[in-house]
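S.K.: Below is the structure I would like to discuss, written out as structure tokens.
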Amino acid sequence: MQISKDMLIGALVQMDDCVAPILMRAGMHCLGCPASQAESLEEACMVHGIDCDVLVSQLNEILADK
């Protein structure tokens with residue numbers, strides 16, 4: 001499956017076990033917060049000052065190698 005900016009954090013975390021650690025390393029330490037589950041990846045990146053395009057590319061690259 002291909003990850004996109006508009007996917008919800010909750011769906012991403014459930015997609016694969018490697019996603020949560022990647023998001024945490026990127027600076028998203030609030031993955032356990034119920035509000036974060038309904039945020040899009042793009043919204044979360046904006047709040048945390050993360051380049052969403054780079055993060056999406058990294059996630060897709062890692063998942064493609066699995």
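Ordering of the structure tokens sets the chain letters (A, B, ...), residue numbers begin anew at 1 in every chain, and ligands are numbered from 1 in the order given.
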Would you pick out the contacts of His48 of chain A at 7 Å or less, using only C-alpha atoms, so that residues sharing its chain but fewer than 4 positions from it are not included, and give the list as a PDB file with N, CA and C atoms, in the first residue's frame?

M.R.:
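After the write, around_30.pdb holds the following:
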ATOM      1  N   GLY A  27       9.758  12.961  15.135  1.00  0.00           N
ATOM      2  CA  GLY A  27       9.374  14.010  16.081  1.00  0.00           C
ATOM      3  C   GLY A  27       7.919  13.988  16.495  1.00  0.00           C
ATOM      4  N   MET A  28       7.173  13.004  16.041  1.00  0.00           N
ATOM      5  CA  MET A  28       5.751  12.898  16.411  1.00  0.00           C
ATOM      6  C   MET A  28       5.626  11.999  17.635  1.00  0.00           C
ATOM      7  N   ALA A  44      -0.376  16.608  10.907  1.00  0.00           N
ATOM      8  CA  ALA A  44       0.577  16.300  11.969  1.00  0.00           C
ATOM      9  C   ALA A  44       1.962  16.852  11.637  1.00  0.00           C
TER      10      ALA A  44
END

S.K.: So that I can see what lies close to Cys45 of chain A, please list as a list of chain:residue names the residues with an atom at most 9 Å from it, counting only C-alpha atoms and leaving out residues fewer than 5 positions away in the same chain.

M.R.: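 Final neighbour list, sorted by chain and number: A:Gly27, A:Met28, A:Ser40, A:Ile50, A:Asp51, A:Cys52, A:Leu55.
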
S.K.: Near Val19 of chain A, within 10 Å and counting only C-alpha atoms, which residues show up once chain neighbours fewer than 3 positions away are dropped, as an MDAnalysis selection string?

M.R.: chainID A and resid 9 12:16 22:24 59:60 62:63

S.K.: Between atom CA of Leu41 of chain A and atom CA of Lys5 of chain A, what is the distance, to one decimal in Å?

M.R.: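 Taking atom CA of Leu41 of chain A and atom CA of Lys5 of chain A, their separation equals 5.2 Å.
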
S.K.: Determine the nearest neighbour of Val47 of chain A from the options A:Asp65, A:Asp17, A:Met1, A:His29, counting only C-alpha atoms.

M.R.: A:His29

S.K.: Please return, as a PyMOL selection string, all residues of chain A that DSSP assigns to alpha helix (DSSP H) on the basis of the backbone.

M.R.: chain A and resi 9-15+19-26+41-48+52-64

S.K.: Could you save those same residues with N, CA and C atoms as a CSV table (one decimal), in the first residue's frame?

M.R.:
chain,number,residue,atom,x,y,z
A,9,ILE,N,-3.4,9.4,10.8
A,9,ILE,CA,-2.3,8.9,11.7
A,9,ILE,C,-2.8,7.5,12.2
A,10,GLY,N,-4.0,7.4,12.7
A,10,GLY,CA,-4.5,6.2,13.2
A,10,GLY,C,-4.4,5.0,12.2
A,11,ALA,N,-4.7,5.3,11.0
A,11,ALA,CA,-4.7,4.2,9.9
A,11,ALA,C,-3.2,3.9,9.6
A,12,LEU,N,-2.3,4.9,9.6
A,12,LEU,CA,-0.9,4.6,9.3
A,12,LEU,C,-0.3,3.7,10.4
A,13,VAL,N,-0.6,4.0,11.6
A,13,VAL,CA,0.0,3.3,12.7
A,13,VAL,C,-0.5,1.8,12.7
A,14,GLN,N,-1.7,1.6,12.3
A,14,GLN,CA,-2.2,0.2,12.2
A,14,GLN,C,-1.7,-0.5,10.9
A,15,MET,N,-1.3,0.2,10.0
A,15,MET,CA,-0.9,-0.4,8.7
A,15,MET,C,0.3,-1.3,8.8
A,19,VAL,N,5.7,1.7,11.2
A,19,VAL,CA,5.3,3.1,11.0
A,19,VAL,C,5.5,3.9,12.2
A,20,ALA,N,5.0,3.4,13.4
A,20,ALA,CA,5.0,4.2,14.6
A,20,ALA,C,6.4,4.6,15.0
A,21,PRO,N,7.4,3.7,15.0
A,21,PRO,CA,8.7,4.1,15.3
A,21,PRO,C,9.3,5.2,14.4
A,22,ILE,N,9.0,5.1,13.1
A,22,ILE,CA,9.5,6.1,12.1
A,22,ILE,C,8.9,7.4,12.4
A,23,LEU,N,7.6,7.5,12.7
A,23,LEU,CA,6.9,8.7,13.1
A,23,LEU,C,7.5,9.3,14.4
A,24,MET,N,7.8,8.5,15.3
A,24,MET,CA,8.4,8.9,16.6
A,24,MET,C,9.7,9.5,16.4
A,25,ARG,N,10.6,8.8,15.6
A,25,ARG,CA,11.9,9.4,15.3
A,25,ARG,C,11.8,10.7,14.5
A,26,ALA,N,10.8,10.9,13.7
A,26,ALA,CA,10.6,12.1,13.0
A,26,ALA,C,10.2,13.3,13.9
A,41,LEU,N,-1.7,12.9,8.1
A,41,LEU,CA,-0.2,13.0,8.2
A,41,LEU,C,0.3,14.4,7.9
A,42,GLU,N,-0.4,15.0,6.9
A,42,GLU,CA,0.0,16.4,6.5
A,42,GLU,C,-0.3,17.3,7.7
A,43,GLU,N,-1.4,17.2,8.4
A,43,GLU,CA,-1.7,18.1,9.5
A,43,GLU,C,-0.7,17.9,10.6
A,44,ALA,N,-0.4,16.6,10.9
A,44,ALA,CA,0.6,16.3,12.0
A,44,ALA,C,2.0,16.9,11.6
A,45,CYS,N,2.4,16.7,10.4
A,45,CYS,CA,3.7,17.3,10.0
A,45,CYS,C,3.7,18.8,10.1
A,46,MET,N,2.6,19.4,9.8
A,46,MET,CA,2.6,20.9,9.9
A,46,MET,C,2.7,21.3,11.3
A,47,VAL,N,2.0,20.6,12.2
A,47,VAL,CA,2.1,21.0,13.7
A,47,VAL,C,3.5,20.8,14.2
A,48,HIS,N,4.2,19.7,13.7
A,48,HIS,CA,5.5,19.4,14.3
A,48,HIS,C,6.6,20.0,13.5
A,52,CYS,N,6.5,17.1,5.1
A,52,CYS,CA,5.7,16.0,4.9
A,52,CYS,C,6.1,15.2,3.7
A,53,ASP,N,6.5,15.8,2.6
A,53,ASP,CA,6.9,15.1,1.4
A,53,ASP,C,8.1,14.2,1.7
A,54,VAL,N,9.0,14.7,2.4
A,54,VAL,CA,10.2,13.8,2.8
A,54,VAL,C,9.8,12.6,3.6
A,55,LEU,N,8.9,12.9,4.6
A,55,LEU,CA,8.5,11.8,5.5
A,55,LEU,C,7.7,10.7,4.7
A,56,VAL,N,6.8,11.2,3.8
A,56,VAL,CA,6.0,10.3,3.0
A,56,VAL,C,6.9,9.4,2.1
A,57,SER,N,7.9,10.1,1.5
A,57,SER,CA,8.9,9.3,0.7
A,57,SER,C,9.6,8.3,1.5
A,58,GLN,N,10.1,8.7,2.7
A,58,GLN,CA,10.8,7.7,3.6
A,58,GLN,C,9.9,6.5,4.0
A,59,LEU,N,8.7,6.8,4.4
A,59,LEU,CA,7.8,5.8,4.7
A,59,LEU,C,7.5,4.8,3.6
A,60,ASN,N,7.2,5.4,2.4
A,60,ASN,CA,7.0,4.5,1.2
A,60,ASN,C,8.2,3.7,0.8
A,61,GLU,N,9.3,4.3,1.0
A,61,GLU,CA,10.6,3.5,0.6
A,61,GLU,C,10.8,2.4,1.6
A,62,ILE,N,10.6,2.6,2.9
A,62,ILE,CA,10.8,1.5,3.9
A,62,ILE,C,9.7,0.4,3.7
A,63,LEU,N,8.5,0.8,3.5
A,63,LEU,CA,7.4,-0.2,3.3
A,63,LEU,C,7.6,-1.0,2.0
A,64,ALA,N,8.2,-0.3,1.0
A,64,ALA,CA,8.4,-1.0,-0.3
A,64,ALA,C,9.4,-2.1,-0.2

S.K.: Compare A:Gln37, A:Cys18, A:Cys30, A:Gly49 by their minimum atom-to-atom distance to Lys66 of chain A, counting only C-alpha atoms, and give me the closest one.

M.R.: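 Result for the nearest residue to Lys66 of chain A: A:Cys18.
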